[in-house]
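**Student:** Structure file my_file-v2.cif, mmCIF, C-alpha atoms, is pasted below:
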```cif
data_upload
#
loop_
_atom_site.label_atom_id
_atom_site.label_comp_id
_atom_site.auth_asym_id
_atom_site.auth_seq_id
_atom_site.Cartn_x
_atom_site.Cartn_y
_atom_site.Cartn_z
CA MET A 925 -115.68 -111.11 83.92
CA LYS A 926 -115.59 -107.37 84.61
CA GLY A 927 -119.00 -106.79 83.05
CA ASP A 928 -120.73 -109.21 85.41
CA THR A 929 -120.56 -106.79 88.34
CA VAL A 930 -122.27 -104.09 86.24
CA LYS A 931 -125.03 -106.50 85.20
CA ALA A 932 -125.59 -107.52 88.81
CA ALA A 933 -125.85 -103.90 89.97
CA ASP A 934 -128.20 -103.12 87.10
CA LYS A 935 -130.47 -105.99 88.10
CA GLN A 936 -130.45 -104.96 91.75
CA TYR A 937 -130.92 -101.21 91.49
CA LEU A 938 -132.47 -100.23 88.16
CA ALA A 939 -136.12 -100.54 87.19
CA PRO A 940 -136.42 -103.52 84.81
CA ILE A 941 -137.87 -101.62 81.83
CA TYR A 942 -135.13 -102.44 79.32
CA ASN A 943 -134.46 -105.80 77.71
CA ARG A 944 -130.74 -105.12 77.43
CA PHE A 945 -128.43 -106.88 75.01
CA ASP A 946 -125.69 -108.94 76.65
CA ALA A 947 -122.85 -106.42 76.37
CA VAL A 948 -121.43 -103.96 78.90
CA LEU A 949 -119.95 -101.25 76.70
CA ASP A 950 -116.94 -99.34 77.97
CA HIS A 951 -115.31 -97.16 75.31
CA GLY A 952 -115.28 -96.51 71.58
CA LYS A 953 -114.15 -94.42 68.64
CA GLY A 954 -115.96 -93.84 65.36
CA ALA A 955 -118.23 -96.82 64.70
CA THR A 956 -116.16 -99.24 66.79
CA CYS A 957 -116.52 -99.85 70.50
CA TYR A 958 -115.36 -102.30 73.15
CA ASP A 959 -116.97 -103.88 76.16
CA MET A 960 -115.45 -104.03 79.62
CA ASP A 961 -113.76 -107.32 78.79
CA GLY A 962 -112.12 -105.97 75.63
CA LYS A 963 -114.39 -107.49 73.00
CA GLU A 964 -114.74 -105.37 69.82
CA TYR A 965 -118.06 -104.43 68.22
CA ILE A 966 -118.91 -102.64 64.98
CA ASP A 967 -121.76 -100.26 65.71
CA PHE A 968 -124.68 -100.18 63.25
CA THR A 969 -126.98 -98.52 65.84
CA ALA A 970 -125.49 -95.08 66.69
CA GLY A 971 -127.30 -95.24 70.02
CA ILE A 972 -130.63 -95.58 68.14
CA GLY A 973 -129.71 -92.85 65.68
CA VAL A 974 -128.16 -90.46 68.22
CA ASN A 975 -124.40 -90.65 67.67
CA SER A 976 -124.32 -88.80 64.33
CA LEU A 977 -120.53 -88.54 64.35
CA GLY A 978 -119.92 -91.87 66.06
CA PHE A 979 -118.20 -92.44 69.38
CA CYS A 980 -116.00 -89.67 70.77
CA ASP A 981 -115.52 -87.66 67.58
CA ASP A 982 -112.59 -85.30 68.15
CA GLY A 983 -114.36 -82.15 66.96
CA TRP A 984 -117.53 -82.87 68.92
CA VAL A 985 -115.61 -83.72 72.10
CA LYS A 986 -113.63 -80.49 71.77
CA ALA A 987 -116.77 -78.40 71.26
CA VAL A 988 -118.66 -79.79 74.26
CA THR A 989 -115.57 -79.86 76.50
CA GLU A 990 -114.74 -76.23 75.79
CA GLN A 991 -118.31 -75.22 76.56
CA LEU A 992 -118.37 -77.41 79.66
CA SER A 993 -115.31 -75.60 80.99
CA LYS A 994 -117.04 -72.23 80.47
CA LEU A 995 -120.69 -72.68 81.46
CA GLN A 996 -122.56 -75.96 81.81
CA HIS A 997 -126.02 -74.54 82.52
CA THR A 998 -127.77 -71.27 83.28
CA SER A 999 -131.52 -71.82 82.70
CA ASN A 1000 -133.53 -69.92 80.12
CA LEU A 1001 -133.78 -66.87 82.35
CA TYR A 1002 -130.60 -65.66 80.66
CA TYR A 1003 -129.17 -65.47 77.13
CA THR A 1004 -126.38 -67.79 75.99
CA GLN A 1005 -124.68 -68.06 72.62
CA PRO A 1006 -124.84 -71.79 71.72
CA ASP A 1007 -128.64 -72.09 71.52
CA THR A 1008 -128.91 -68.98 69.35
CA GLN A 1009 -126.27 -70.46 67.03
CA VAL A 1010 -128.20 -73.71 66.69
CA GLY A 1011 -131.45 -71.82 66.18
CA GLN A 1012 -129.95 -69.65 63.46
CA ILE A 1013 -128.46 -72.59 61.56
CA LEU A 1014 -131.65 -74.64 61.77
CA CYS A 1015 -133.86 -71.79 60.61
CA GLN A 1016 -131.57 -70.80 57.77
CA ARG A 1017 -131.25 -74.37 56.50
CA SER A 1018 -134.90 -75.36 56.94
CA GLY A 1019 -136.75 -72.23 55.87
CA MET A 1020 -138.52 -72.19 59.24
CA GLU A 1021 -138.68 -69.04 61.37
CA LYS A 1022 -138.43 -69.93 65.06
CA VAL A 1023 -137.11 -72.75 67.25
CA PHE A 1024 -138.06 -74.03 70.68
CA PHE A 1025 -135.55 -76.30 72.44
CA ALA A 1026 -136.46 -79.31 74.55
CA ASN A 1027 -134.52 -82.37 75.74
CA SER A 1028 -135.85 -85.33 73.75
CA GLY A 1029 -137.99 -86.40 70.83
CA ALA A 1030 -141.00 -86.97 73.05
CA GLU A 1031 -140.67 -83.46 74.50
CA ALA A 1032 -140.28 -82.01 71.02
CA ASN A 1033 -143.46 -83.76 69.89
CA GLU A 1034 -145.28 -82.59 73.03
CA GLY A 1035 -144.20 -79.05 72.14
CA ALA A 1036 -145.46 -79.44 68.59
CA ILE A 1037 -148.82 -80.67 69.86
CA LYS A 1038 -149.09 -77.69 72.20
CA VAL A 1039 -148.30 -75.29 69.36
CA ALA A 1040 -150.98 -76.89 67.19
CA ARG A 1041 -153.59 -76.73 69.95
CA LYS A 1042 -152.70 -73.09 70.69
CA TYR A 1043 -153.03 -72.28 66.97
CA GLY A 1044 -156.51 -73.79 67.10
CA VAL A 1045 -157.39 -71.51 70.00
CA ASP A 1046 -155.90 -68.37 68.48
CA ARG A 1047 -157.31 -68.79 64.99
CA TYR A 1048 -160.45 -70.85 65.54
CA GLU A 1049 -161.40 -69.99 69.14
CA GLY A 1050 -160.71 -73.57 70.22
CA ARG A 1051 -163.08 -75.18 67.74
CA ARG A 1052 -160.12 -76.96 66.15
CA ASN A 1053 -158.11 -79.20 68.47
CA LYS A 1054 -157.99 -82.69 66.93
CA ILE A 1055 -154.67 -84.03 65.70
CA ILE A 1056 -154.54 -86.89 63.21
CA THR A 1057 -151.53 -89.21 63.23
CA LEU A 1058 -150.86 -92.27 61.09
CA VAL A 1059 -151.46 -95.89 61.95
CA ASN A 1060 -148.14 -97.59 62.78
CA SER A 1061 -146.51 -94.30 63.81
CA PHE A 1062 -144.38 -93.71 66.90
CA HIS A 1063 -144.08 -90.28 68.55
CA GLY A 1064 -142.82 -90.90 72.10
CA ARG A 1065 -143.51 -92.39 75.52
CA THR A 1066 -145.09 -89.57 77.49
CA ILE A 1067 -148.82 -89.97 78.02
CA THR A 1068 -149.69 -87.52 75.24
CA THR A 1069 -147.13 -88.79 72.73
CA LEU A 1070 -148.18 -92.36 73.49
CA THR A 1071 -151.69 -91.27 72.58
CA ALA A 1072 -150.36 -89.71 69.38
CA THR A 1073 -148.57 -92.97 68.55
CA GLY A 1074 -150.67 -94.93 66.09
CA GLN A 1075 -149.92 -98.39 67.45
CA GLU A 1076 -152.51 -100.07 69.61
CA GLY A 1077 -149.86 -102.01 71.50
CA PHE A 1078 -148.69 -98.79 73.16
CA HIS A 1079 -152.22 -97.87 74.28
CA LYS A 1080 -152.33 -100.29 77.18
CA ASN A 1081 -151.97 -100.01 80.94
CA PHE A 1082 -151.57 -96.22 81.15
CA GLY A 1083 -155.05 -94.86 80.52
CA PRO A 1084 -157.07 -92.78 80.56
CA PHE A 1085 -155.41 -91.04 77.63
CA PRO A 1086 -155.86 -87.43 76.49
CA GLN A 1087 -158.64 -86.77 74.02
CA GLY A 1088 -158.35 -85.11 70.64
CA PHE A 1089 -156.44 -87.67 68.55
CA ASP A 1090 -157.45 -89.82 65.60
CA TYR A 1091 -155.53 -92.21 63.36
CA ALA A 1092 -155.50 -92.52 59.58
CA ILE A 1093 -154.07 -95.36 57.54
CA ALA A 1094 -150.65 -94.39 56.18
CA GLY A 1095 -150.77 -94.02 52.41
CA ASP A 1096 -154.56 -93.86 52.25
CA MET A 1097 -155.62 -90.27 51.51
CA GLU A 1098 -159.30 -91.15 51.43
CA ASP A 1099 -159.10 -92.45 54.97
CA LEU A 1100 -157.33 -89.29 56.08
CA LYS A 1101 -159.86 -87.05 54.33
CA ASN A 1102 -162.67 -88.93 56.06
CA LYS A 1103 -161.03 -88.42 59.45
CA ALA A 1104 -160.24 -84.72 58.84
CA ASP A 1105 -163.35 -82.96 60.09
CA ASP A 1106 -164.00 -79.34 61.13
CA ALA A 1107 -162.28 -79.99 64.48
CA THR A 1108 -158.97 -81.03 62.91
CA VAL A 1109 -156.10 -78.66 63.57
CA ALA A 1110 -153.09 -80.74 62.50
CA VAL A 1111 -151.76 -83.91 60.89
CA MET A 1112 -148.55 -85.39 62.32
CA ALA A 1113 -146.44 -87.83 60.33
CA GLU A 1114 -143.02 -89.44 60.01
CA MET A 1115 -141.66 -89.59 56.47
CA ILE A 1116 -140.23 -93.00 57.36
CA GLN A 1117 -141.96 -94.83 60.19
CA GLY A 1118 -138.91 -95.93 62.15
CA GLU A 1119 -140.14 -97.84 65.18
CA GLY A 1120 -143.02 -99.03 63.02
CA GLY A 1121 -140.65 -101.09 60.89
CA VAL A 1122 -138.65 -98.65 58.72
CA VAL A 1123 -141.66 -98.02 56.46
CA PRO A 1124 -141.27 -95.06 54.05
CA LEU A 1125 -144.28 -93.00 52.99
CA GLN A 1126 -144.87 -92.84 49.25
CA GLU A 1127 -144.01 -89.57 47.48
CA SER A 1128 -147.46 -89.19 45.90
CA TYR A 1129 -149.11 -89.60 49.31
CA VAL A 1130 -146.84 -87.07 51.02
CA LYS A 1131 -147.39 -84.45 48.33
CA GLU A 1132 -151.15 -84.93 48.33
CA LEU A 1133 -151.17 -84.78 52.13
CA ALA A 1134 -149.23 -81.50 52.12
CA SER A 1135 -151.56 -79.98 49.52
CA PHE A 1136 -154.66 -81.11 51.40
CA CYS A 1137 -153.41 -79.63 54.67
CA LYS A 1138 -152.56 -76.33 53.00
CA GLU A 1139 -155.99 -76.07 51.36
CA ARG A 1140 -157.80 -76.76 54.63
CA ASP A 1141 -155.51 -74.69 56.89
CA ILE A 1142 -154.57 -77.87 58.73
CA LEU A 1143 -151.08 -77.71 60.19
CA LEU A 1144 -148.62 -80.29 58.84
CA ILE A 1145 -146.27 -81.54 61.57
CA VAL A 1146 -143.35 -83.68 60.40
CA ASP A 1147 -141.71 -85.81 63.06
CA GLU A 1148 -138.00 -85.87 62.12
CA VAL A 1149 -136.82 -87.17 65.49
CA GLN A 1150 -135.21 -90.23 63.90
CA THR A 1151 -135.02 -89.20 60.24
CA GLY A 1152 -133.61 -85.69 60.71
CA ILE A 1153 -130.09 -84.23 60.78
CA GLY A 1154 -128.73 -86.11 57.80
CA ARG A 1155 -129.90 -89.60 58.70
CA THR A 1156 -131.60 -90.23 55.33
CA GLY A 1157 -129.05 -88.37 53.19
CA LYS A 1158 -130.84 -85.01 53.38
CA LEU A 1159 -130.69 -82.71 56.37
CA PHE A 1160 -134.44 -83.33 56.74
CA SER A 1161 -136.20 -86.29 55.15
CA TYR A 1162 -139.17 -84.17 54.00
CA GLU A 1163 -136.80 -82.46 51.54
CA TYR A 1164 -137.08 -85.51 49.29
CA PHE A 1165 -140.71 -84.58 48.61
CA GLY A 1166 -140.37 -80.85 47.96
CA ILE A 1167 -142.80 -79.90 50.73
CA GLN A 1168 -142.59 -77.29 53.50
CA PRO A 1169 -144.13 -78.38 56.82
CA ASP A 1170 -145.58 -75.95 59.33
CA ILE A 1171 -143.85 -77.64 62.28
CA VAL A 1172 -140.83 -79.98 62.38
CA THR A 1173 -139.61 -81.89 65.42
CA LEU A 1174 -136.01 -82.97 65.96
CA ALA A 1175 -133.92 -84.78 68.58
CA LYS A 1176 -131.59 -87.83 68.48
CA GLY A 1177 -128.88 -86.97 65.92
CA LEU A 1178 -129.00 -83.24 66.66
CA GLY A 1179 -127.15 -83.70 69.95
CA GLY A 1180 -124.67 -86.35 68.86
CA GLY A 1181 -124.92 -88.05 72.25
CA LEU A 1182 -126.25 -85.35 74.57
CA PRO A 1183 -129.99 -84.87 75.23
CA ILE A 1184 -131.62 -82.26 73.03
CA GLY A 1185 -134.92 -81.78 71.21
CA ALA A 1186 -136.12 -78.99 68.94
CA VAL A 1187 -139.41 -77.76 67.53
CA LEU A 1188 -139.05 -75.77 64.31
CA LEU A 1189 -141.90 -73.35 63.64
CA GLY A 1190 -142.86 -72.12 60.18
CA GLY A 1191 -144.37 -68.73 59.39
CA LYS A 1192 -147.95 -69.76 60.11
CA VAL A 1193 -147.16 -70.67 63.72
CA ALA A 1194 -143.96 -68.71 64.39
CA ASP A 1195 -145.71 -66.32 66.78
CA THR A 1196 -148.11 -68.81 68.38
CA LEU A 1197 -146.19 -69.31 71.63
CA HIS A 1198 -145.78 -66.35 73.97
CA TYR A 1199 -144.33 -65.72 77.40
CA SER A 1200 -145.22 -68.55 79.84
CA ASP A 1201 -147.05 -70.64 77.21
CA HIS A 1202 -144.29 -73.25 77.32
CA GLY A 1203 -140.86 -73.79 78.85
CA SER A 1204 -138.07 -76.17 79.82
CA THR A 1205 -135.46 -75.93 82.56
CA PHE A 1206 -132.82 -77.76 80.52
CA GLY A 1207 -133.99 -76.88 77.01
CA GLY A 1208 -131.27 -75.12 75.01
CA ASN A 1209 -128.58 -76.30 77.42
CA PRO A 1210 -125.30 -74.67 76.30
CA VAL A 1211 -123.24 -77.88 76.36
CA ALA A 1212 -125.77 -79.86 74.31
CA CYS A 1213 -126.13 -76.94 71.91
CA ALA A 1214 -122.35 -76.59 71.52
CA GLY A 1215 -122.32 -80.20 70.32
CA ALA A 1216 -125.23 -79.52 67.99
CA VAL A 1217 -123.41 -76.55 66.42
CA GLU A 1218 -120.43 -78.79 65.65
CA ILE A 1219 -122.68 -81.42 64.06
CA LEU A 1220 -124.62 -78.94 61.93
CA LYS A 1221 -121.43 -77.29 60.71
CA ARG A 1222 -120.08 -80.65 59.58
CA ILE A 1223 -123.21 -81.74 57.70
CA ASP A 1224 -122.76 -80.00 54.37
CA GLU A 1225 -123.79 -81.24 50.91
CA ALA A 1226 -120.61 -83.29 50.47
CA PHE A 1227 -121.26 -84.96 53.82
CA LEU A 1228 -124.88 -85.72 52.88
CA ASP A 1229 -123.80 -87.16 49.53
CA GLU A 1230 -121.49 -89.55 51.37
CA VAL A 1231 -124.40 -90.65 53.59
CA ARG A 1232 -126.49 -91.39 50.50
CA GLN A 1233 -123.66 -93.32 48.84
CA LYS A 1234 -122.99 -95.36 51.97
CA GLY A 1235 -126.68 -96.20 52.16
CA ILE A 1236 -126.73 -97.35 48.53
CA TYR A 1237 -123.66 -99.50 49.07
CA ILE A 1238 -125.03 -101.15 52.22
CA THR A 1239 -128.41 -101.74 50.58
CA ASP A 1240 -126.87 -103.35 47.50
CA ARG A 1241 -124.71 -105.69 49.58
CA VAL A 1242 -127.43 -106.66 52.04
CA ARG A 1243 -129.98 -107.42 49.31
CA LYS A 1244 -127.64 -110.09 47.96
CA MET A 1245 -127.18 -111.78 51.34
CA PRO A 1246 -128.78 -115.13 52.20
CA CYS A 1247 -132.16 -115.04 53.94
CA VAL A 1248 -132.82 -111.40 53.00
CA THR A 1249 -136.11 -110.69 51.22
CA GLY A 1250 -135.89 -106.89 51.01
CA VAL A 1251 -134.39 -103.64 52.27
CA THR A 1252 -136.36 -100.45 53.00
CA GLY A 1253 -135.39 -96.93 54.02
CA ARG A 1254 -133.06 -94.18 52.83
CA GLY A 1255 -129.48 -93.18 53.51
CA LEU A 1256 -128.29 -94.74 56.76
CA MET A 1257 -131.77 -95.58 58.04
CA LEU A 1258 -132.41 -99.07 56.71
CA GLY A 1259 -134.69 -102.00 57.53
CA VAL A 1260 -133.91 -105.57 56.46
CA SER A 1261 -136.71 -108.08 55.89
CA LEU A 1262 -135.89 -111.72 56.57
CA LYS A 1263 -137.11 -114.98 55.15
CA GLU A 1264 -140.00 -116.71 56.89
CA GLY A 1265 -138.98 -118.46 60.06
CA LEU A 1266 -136.23 -116.02 61.02
CA THR A 1267 -136.89 -113.32 63.60
CA SER A 1268 -135.15 -109.98 63.77
CA GLY A 1269 -134.40 -110.49 67.45
CA GLN A 1270 -132.67 -113.78 66.72
CA ILE A 1271 -130.40 -112.28 64.07
CA VAL A 1272 -129.58 -109.22 66.17
CA LYS A 1273 -128.62 -111.46 69.11
CA GLU A 1274 -126.40 -113.67 66.98
CA ALA A 1275 -124.79 -110.68 65.27
CA LEU A 1276 -123.95 -109.13 68.64
CA GLU A 1277 -122.26 -112.35 69.73
CA ALA A 1278 -120.22 -112.16 66.52
CA GLY A 1279 -119.27 -108.50 67.11
CA LEU A 1280 -121.92 -106.43 65.27
CA MET A 1281 -124.45 -104.17 66.97
CA LEU A 1282 -127.83 -104.00 65.23
CA LEU A 1283 -131.39 -103.01 66.13
CA THR A 1284 -134.85 -104.41 65.53
CA ALA A 1285 -137.89 -102.64 64.10
CA LYS A 1286 -140.73 -105.11 64.48
CA ALA A 1287 -139.98 -107.99 62.07
CA LYS A 1288 -137.06 -106.18 60.44
CA VAL A 1289 -133.42 -105.84 61.38
CA ARG A 1290 -132.76 -102.11 61.62
CA MET A 1291 -129.51 -100.35 60.74
CA LEU A 1292 -128.71 -96.82 61.94
CA PRO A 1293 -124.91 -96.56 61.70
CA PRO A 1294 -123.07 -93.36 62.59
CA LEU A 1295 -123.17 -91.00 59.62
CA THR A 1296 -119.36 -90.92 59.68
CA ILE A 1297 -118.88 -94.70 59.61
CA SER A 1298 -115.82 -95.60 57.54
CA ASP A 1299 -115.82 -97.92 54.54
CA GLU A 1300 -113.66 -100.32 56.52
CA GLU A 1301 -116.16 -100.43 59.38
CA ILE A 1302 -119.07 -100.84 56.96
CA ASN A 1303 -117.45 -103.84 55.29
CA LYS A 1304 -116.38 -105.35 58.60
CA GLY A 1305 -119.95 -105.11 59.90
CA LEU A 1306 -121.51 -106.43 56.69
CA ASP A 1307 -119.11 -109.37 56.65
CA ILE A 1308 -120.31 -110.31 60.13
CA LEU A 1309 -123.96 -109.98 59.13
CA GLU A 1310 -123.45 -112.09 56.02
CA LYS A 1311 -121.76 -114.81 58.05
CA VAL A 1312 -124.62 -114.85 60.56
CA LEU A 1313 -127.26 -115.01 57.83
CA SER A 1314 -125.37 -117.67 55.89
CA ALA A 1315 -125.58 -119.99 58.88
CA HIS A 1316 -129.38 -119.96 58.43
CA ASN A 1317 -129.31 -120.59 54.70
CA GLN A 1318 -130.09 -124.28 54.84
#
```
Spell out the structure here as structure tokens.

**Tutor:**
Amino acid sequence: MKGDTVKAADKQYLAPIYNRFDAVLDHGKGATCYDMDGKEYIDFTAGIGVNSLGFCDDGWVKAVTEQLSKLQHTSNLYYTQPDTQVGQILCQRSGMEKVFFANSGAEANEGAIKVARKYGVDRYEGRRNKIITLVNSFHGRTITTLTATGQEGFHKNFGPFPQGFDYAIAGDMEDLKNKADDATVAVMAEMIQGEGGVVPLQESYVKELASFCKERDILLIVDEVQTGIGRTGKLFSYEYFGIQPDIVTLAKGLGGGLPIGAVLLGGKVADTLHYSDHGSTFGGNPVACAGAVEILKRIDEAFLDEVRQKGIYITDRVRKMPCVTGVTGRGLMLGVSLKEGLTSGQIVKEALEAGLMLLTAKAKVRMLPPLTISDEEINKGLDILEKVLSAHNQ
């Protein structure tokens, strides 16, 4: 088997930090890919929400290839066009004023935390520096974003951790109000807790949270690393609630397969960062940004409506499947709850063997298909899932 040599080299040379699925992927198109031995898979993962336009989309490949043949990197000591294009589109479509580019979701969240802390210094002479995040949240794997992550399981083995963080129970405004003292500078939240199990925040809670932060001059940071760039059927998931955050973080789907992160800054913090306050060698890379421009140009209202309709269709079909007890999420970010006795890992493993790529999110099976997945690919994937689940319906 051709893939066996890759697995052997992986085991010999790469740090064993990933529990890889048993597939050596080789090439793909749209939401369909093939391993090195020619087996076909329907992709309901999009590289954990990264491949917005699926594998090797013609327009995206053209955009990044043309830029790659012109200028692959310069550093931020010089101006280039692609990053200014992405910045302009993001600001115009979000109502934010400035953008800082990084290379990942963790870096974007680190940047947001730095902006919040700097705001506390500028406006409150450093008396405000605490950031409240939500229990069950996930914000990254750097030391600081691990600290910001509201899951105790991530707070092991890597201490001591930075100070200045506290955790409030998601959906419980009284708990948040009790935690928000005179030292609090920001609250950071995901509108749908992705790694936490595809758990959406309630509309009433989000609106009350936004109002509370505005009244107290507490910055509201919305982590859109997984939910942003059309994933939920809106360009940004916070749009469902009619709120305007002070800071928004992006990554994953913005690059379509190349590393990129972004921190969007609203009016209150637009001028917080100055020369030498922050930086990134690769941030705003012209090739990654060329891909991002292509993605943002494609995601118009008609595109977003299709994402919403696909999500409704998948949800309706999955809810009727054997062994399914519920479906959470929005658009093409969905979590499937299973009957007692079935584990998400078990179903994902069996689905992969049958030709469907899925993810887990704690006890749930998680679906993050490419936003461009075709109806044929959706039905092909759902047929596989239904067959796998039916085998457990005894």

**Student:** For Lys1038 in chain A, please output as a short mmCIF file (atom, residue, chain, number, x, y, z; two decimals) with C-alpha atoms, in the frame of the given file all residues within 9 Å (counting only C-alpha atoms; exclusion window: fewer than 3 positions along the same chain).

**Tutor:**
```cif
data_model
loop_
_atom_site.label_atom_id
_atom_site.label_comp_id
_atom_site.auth_asym_id
_atom_site.auth_seq_id
_atom_site.Cartn_x
_atom_site.Cartn_y
_atom_site.Cartn_z
CA ASN A 1033 -143.46 -83.76 69.89
CA GLU A 1034 -145.28 -82.59 73.03
CA GLY A 1035 -144.20 -79.05 72.14
CA ARG A 1041 -153.59 -76.73 69.95
CA LYS A 1042 -152.70 -73.09 70.69
CA TYR A 1043 -153.03 -72.28 66.97
CA LEU A 1197 -146.19 -69.31 71.63
CA ASP A 1201 -147.05 -70.64 77.21
CA HIS A 1202 -144.29 -73.25 77.32
#
```

**Student:** Nearest to Thr1004 in chain A among A:Thr1239, A:Asn1209, A:Asn1303, A:Thr1068, with distances taken over all atoms listed in the file: which residue is it?

**Tutor:**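 Counting all atoms listed in the file, the residue closest to Thr1004 in chain A is A:Asn1209.
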
**Student:** Report as a list in words the residues that result from applying the PyMOL selection byres ((chain A and resi 1053) around 10) to the structure here.

**Tutor:**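 In the shown coordinates, the PyMOL selection byres ((chain A and resi 1053) around 10) covers Ile1037, Lys1038, Ala1040, Arg1041, Lys1042, Tyr1043, Gly1044, Val1045, Tyr1048, Glu1049, Gly1050, Arg1051, Arg1052, Lys1054, Ile1055, Ile1056, Gln1087, Gly1088, Phe1089, Asp1106, Ala1107, Thr1108, Val1109 and Ala1110 of chain A.
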
**Student:** Please identify all polymer residues within 9 Å of Pro1294 in chain A, counting only C-alpha atoms, omitting same-chain residues fewer than 2 positions from it, and present them as a ChimeraX atom specification.

**Tutor:** /A:954-955,967-971,973-979,1155,1256,1292,1296-1297

**Student:** Can you measure CA of Tyr1003 in chain A to CA of Cys1213 in chain A for me? One decimal in Å is fine.

**Tutor:** 13.0 Å

**Student:** Can you give me N, CA, C and O atoms for range 1132-1146 of chain A, written as a compact mmCIF listing (two decimals), in the coordinates of the input?

**Tutor:**
```txt
# COMPACT_ATOMS: atom_id res chain seq x y z
N GLU A 1132 -149.71 -85.16 48.25
CA GLU A 1132 -151.15 -84.93 48.33
C GLU A 1132 -151.54 -84.53 49.75
O GLU A 1132 -152.40 -83.65 49.95
N LEU A 1133 -150.91 -85.14 50.73
CA LEU A 1133 -151.17 -84.78 52.13
C LEU A 1133 -150.83 -83.32 52.39
O LEU A 1133 -151.60 -82.58 53.00
N ALA A 1134 -149.65 -82.89 51.91
CA ALA A 1134 -149.23 -81.50 52.12
C ALA A 1134 -150.19 -80.53 51.45
O ALA A 1134 -150.53 -79.49 52.02
N SER A 1135 -150.63 -80.85 50.24
CA SER A 1135 -151.56 -79.98 49.52
C SER A 1135 -152.91 -79.91 50.23
O SER A 1135 -153.51 -78.83 50.36
N PHE A 1136 -153.38 -81.05 50.69
CA PHE A 1136 -154.66 -81.11 51.40
C PHE A 1136 -154.61 -80.26 52.67
O PHE A 1136 -155.54 -79.49 52.95
N CYS A 1137 -153.53 -80.40 53.43
CA CYS A 1137 -153.41 -79.63 54.67
C CYS A 1137 -153.37 -78.13 54.39
O CYS A 1137 -154.00 -77.34 55.10
N LYS A 1138 -152.66 -77.75 53.35
CA LYS A 1138 -152.56 -76.33 53.00
C LYS A 1138 -153.91 -75.77 52.60
O LYS A 1138 -154.29 -74.67 53.02
N GLU A 1139 -154.67 -76.52 51.82
CA GLU A 1139 -155.99 -76.07 51.36
C GLU A 1139 -156.96 -75.89 52.52
O GLU A 1139 -157.78 -74.98 52.53
N ARG A 1140 -156.85 -76.77 53.51
CA ARG A 1140 -157.80 -76.76 54.63
C ARG A 1140 -157.30 -75.98 55.84
O ARG A 1140 -157.98 -75.98 56.88
N ASP A 1141 -156.14 -75.35 55.75
CA ASP A 1141 -155.51 -74.69 56.89
C ASP A 1141 -155.36 -75.66 58.06
O ASP A 1141 -155.62 -75.34 59.22
N ILE A 1142 -154.92 -76.87 57.73
CA ILE A 1142 -154.57 -77.87 58.73
C ILE A 1142 -153.05 -77.88 58.82
O ILE A 1142 -152.36 -77.99 57.80
N LEU A 1143 -152.52 -77.74 60.01
CA LEU A 1143 -151.08 -77.71 60.19
C LEU A 1143 -150.47 -79.07 59.85
O LEU A 1143 -151.01 -80.11 60.23
N LEU A 1144 -149.35 -79.06 59.14
CA LEU A 1144 -148.62 -80.29 58.84
C LEU A 1144 -147.39 -80.35 59.75
O LEU A 1144 -146.49 -79.52 59.65
N ILE A 1145 -147.39 -81.32 60.66
CA ILE A 1145 -146.27 -81.54 61.57
C ILE A 1145 -145.49 -82.75 61.07
O ILE A 1145 -146.05 -83.84 60.90
N VAL A 1146 -144.20 -82.56 60.82
CA VAL A 1146 -143.35 -83.68 60.40
C VAL A 1146 -142.42 -84.05 61.55
O VAL A 1146 -141.64 -83.22 62.02
```
